[in-house]
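Asks: Encoded as structure tokens, here's the structure I'll be asking about.
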Amino acid sequence: MSKFHINGGVPLIGEVVTSGAKNAALPLLAATILMEGDTTLTNVPNLMDVITMVRMLKALGLNAEYRSPNIVKISNTKKVRHVAPYELVTAMRASFFVAGPLLAKTGLAKVPMPGGCSIGSRPIDIHLKGFKQLGASYSIEHGFVDLRAKKLIGSHVYLDFPSVGATENMMMAACLAEGTTLIENAAQEPEIVDLGNMLNKAGAQVSGHGTSTITIKGVTSLTGVTHNVIPDRVEAGTFMIAAAITRGNVLVKHVNTLDVEPLVVKLKAAGIKVEEVGNDALRVSALNGFQAVDIETQPFPGFPTDMQAQMMSLLTLAKGTSVIKETIFENRFMHAPELMRMGADIKLNNHIALVTGVSGLSGAEVKITDLRAGAALILAGLAAEGTTTVYGLKHLRRGYENMAQKLTALGARIDEIPETGAGR
Ligand code: UD1
């Protein structure tokens, strides 16, 4: 595994194009289990998590492959197998998205318990309760969840929390259920809207996706479609912060501006200039610095937990003290101690971080512990004086397509160095 050497202090200038959304592509791929025939997904980001989902589809008996860097073709013509391999589910939690479509398609789904990850324990109780309300039974044995349903029956499903993954699993399962399903307290993330739109193209009857109540009238079959994945709002947001933290000026292209609104509101409140350019681009500049601003992560349309780490990096250099409250995941401040090694002033107290802006960060050796923490450390390295060495790039490759190349094109000085020793 290699590491990055980042020589910071260069204002980023230029244009960058956002890739397709990882968190949209993953459930869209899982949904092809429901769809008979051929599906073409375009604008698919080429990154590890998506490759893992493509491998999962193959393991379940579908033909799935990248045809060019950003096009995945899936052919679902054979009998679908219902057992998901352990190594794929443990490699990526989102593999559990296959449970709903497998159950709906085959009446059975045997999927390993995904287990926790570095940012939290991440249980699946809301998914399981929802499947039960659709008429499935389940048992958990030898590390596998075994779901069964002779027939899924449309029902009233209330989610105790608007979980993104549980909403997606319920939507996919309910498409082929008999009768109408009402999902209440549903997640409203843009990726849910993309999933509902693709399912409808395939012949499903989903309405209300993007609101807290989703209605799904069951149909008997779905067919393959061609679908373009929405832009990645987290990647776009990461580049917007890269512009601001380096006091640069960047046009971030291929953005659904409404999807990044929760971030834009906070950037503007911090005194950062964000201008809409045409329908799908934002110009971000922060030539005169920025001020502290308070953040509380919430389900969409609240401030996204997936942008909390990057925002913390930004606020380490703001004027004043910011309060960051993480309400979605219980252990999502692991970037904070690494930022402190770079000179940041952060005080942690359970789910709250007090970030007092300092006049500058200094390059240091830092280690990535999870995907968005990785983005945060790269952003800090771009702004820091001197060299920052970033270890643990495998986490970054799960969710960012060509990040170093894109930043380098904006003027960043990032070198990828093969890692020889143990590193940090
Ligand atoms: C998705 C995103 C992830 C994002 C998260 C929250 C994908 C592939 N990943 O993850 O990037 O950070 O939404 O916006 O789309 N929970 C339970 N029981 C459950 C399910 C969830 O307690 O059955 C809890 C989780 O532990 C977590 C919270 O609910 O604390 C939110 O999780 P959820 O919305 O389900 O996140 P994911 O779908 O896993």
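By convention here, the chains of the structure tokens are called A, B, ... in the order presented, each chain's residues are numbered starting at 1, and ligands are numbered starting at 1 in the order presented.
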Using only C-alpha atoms and all ligand atoms, what table do you get, as a Markdown table, when you list each residue of chain A with an atom no more than 8 Å from ligand 1, its nearest pair of atoms, and their distance in Å rounded to one decimal, rows by chain then rising number?

Replies:
| residue | atom | partner | partner_atom_place_in_ligand_line | distance |
| --- | --- | --- | --- | --- |
| A:Lys22 | CA | ligand 1 | 8 (C) | 7.1 |
| A:Asn23 | CA | ligand 1 | 15 (O) | 4.1 |
| A:Ala24 | CA | ligand 1 | 15 (O) | 6.8 |
| A:Leu26 | CA | ligand 1 | 8 (C) | 6.3 |
| A:Pro27 | CA | ligand 1 | 8 (C) | 7.4 |
| A:Arg93 | CA | ligand 1 | 39 (O) | 6.9 |
| A:Ala94 | CA | ligand 1 | 8 (C) | 5.0 |
| A:Gly120 | CA | ligand 1 | 26 (O) | 6.4 |
| A:Ser121 | CA | ligand 1 | 26 (O) | 5.9 |
| A:Arg122 | CA | ligand 1 | 26 (O) | 3.3 |
| A:Pro123 | CA | ligand 1 | 18 (N) | 4.5 |
| A:Ile124 | CA | ligand 1 | 23 (O) | 3.1 |
| A:Asp125 | CA | ligand 1 | 23 (O) | 4.0 |
| A:Ile126 | CA | ligand 1 | 23 (O) | 3.5 |
| A:His127 | CA | ligand 1 | 23 (O) | 4.8 |
| A:Leu128 | CA | ligand 1 | 23 (O) | 7.0 |
| A:Phe161 | CA | ligand 1 | 29 (O) | 6.5 |
| A:Pro162 | CA | ligand 1 | 34 (O) | 6.3 |
| A:Ser163 | CA | ligand 1 | 34 (O) | 3.3 |
| A:Val164 | CA | ligand 1 | 34 (O) | 3.8 |
| A:Gly165 | CA | ligand 1 | 38 (O) | 3.3 |
| A:Ala166 | CA | ligand 1 | 35 (O) | 5.9 |
| A:Ala187 | CA | ligand 1 | 34 (O) | 7.4 |
| A:Glu189 | CA | ligand 1 | 14 (O) | 7.8 |
| A:Glu191 | CA | ligand 1 | 15 (O) | 7.4 |
| A:Gln298 | CA | ligand 1 | 14 (O) | 8.0 |
| A:Pro299 | CA | ligand 1 | 14 (O) | 6.1 |
| A:Phe300 | CA | ligand 1 | 14 (O) | 7.5 |
| A:Pro304 | CA | ligand 1 | 14 (O) | 6.2 |
| A:Thr305 | CA | ligand 1 | 12 (O) | 5.6 |
| A:Asp306 | CA | ligand 1 | 12 (O) | 5.0 |
| A:Thr327 | CA | ligand 1 | 30 (O) | 7.9 |
| A:Ile328 | CA | ligand 1 | 30 (O) | 4.7 |
| A:Phe329 | CA | ligand 1 | 30 (O) | 4.3 |
| A:Glu330 | CA | ligand 1 | 30 (O) | 6.7 |

Asks: Among range 96-189 of chain A, which residues carry a DSSP assignment of alpha helix (DSSP H), reported as number ranges by chain?

Replies: A: 99-106, 125-133, 164-175

Asks: Considering only C-alpha atoms, state which residue in the set A:Thr297, A:Thr246, A:Thr181, A:Thr408 is at the smallest distance from Ala383 in chain A.

Replies: A:Thr246

Asks: List the neighbours of Val83 in chain A out to 12 Å using only C-alpha atoms; skip same-chain residues closer than 2 positions along the sequence, and give me the result as a PyMOL selection string.

Replies: chain A and resi 56-61+80-81+85-89+95-96+98-99+102-103+106-112+144-147

Asks: Env of Lys347 in chain A: 9 Å cut, atoms = only C-alpha atoms, seq-sep filter 4 positions within chain, self excluded. Answer as a PyMOL selection string.

Replies: chain A and resi 336+352-356

Asks: Quick one: write out the picked residues with N, CA, C and O atoms as a JSON list (two decimals), in the first residue's frame?

Replies:
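The resulting again-v3.json:
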[["chain", "number", "residue", "atom", "x", "y", "z"],
["A", 336, "ALA", "N", -10.11, 13.56, 14.58],
["A", 336, "ALA", "CA", -9.75, 14.69, 15.45],
["A", 336, "ALA", "C", -8.34, 14.55, 16.05],
["A", 336, "ALA", "O", -7.53, 15.49, 15.95],
["A", 352, "ILE", "N", -19.53, 15.63, 21.06],
["A", 352, "ILE", "CA", -19.33, 17.05, 20.75],
["A", 352, "ILE", "C", -17.85, 17.35, 20.60],
["A", 352, "ILE", "O", -17.02, 16.90, 21.41],
["A", 353, "ALA", "N", -17.51, 18.11, 19.59],
["A", 353, "ALA", "CA", -16.13, 18.59, 19.42],
["A", 353, "ALA", "C", -16.15, 20.11, 19.43],
["A", 353, "ALA", "O", -16.95, 20.72, 18.73],
["A", 354, "LEU", "N", -15.29, 20.67, 20.26],
["A", 354, "LEU", "CA", -15.12, 22.13, 20.26],
["A", 354, "LEU", "C", -13.87, 22.43, 19.46],
["A", 354, "LEU", "O", -12.77, 21.98, 19.83],
["A", 355, "VAL", "N", -14.01, 23.14, 18.39],
["A", 355, "VAL", "CA", -12.88, 23.37, 17.50],
["A", 355, "VAL", "C", -12.56, 24.88, 17.53],
["A", 355, "VAL", "O", -13.38, 25.69, 17.08],
["A", 356, "THR", "N", -11.40, 25.20, 18.05],
["A", 356, "THR", "CA", -11.00, 26.62, 18.07],
["A", 356, "THR", "C", -9.97, 26.83, 16.96],
["A", 356, "THR", "O", -8.95, 26.12, 16.91]]

Asks: What's the 7 Å shell around Val229 in chain A, counting only C-alpha atoms, without same-chain residues fewer than 4 positions away, as a PyMOL selection string?

Replies: chain A and resi 20-21+24-25+41-44
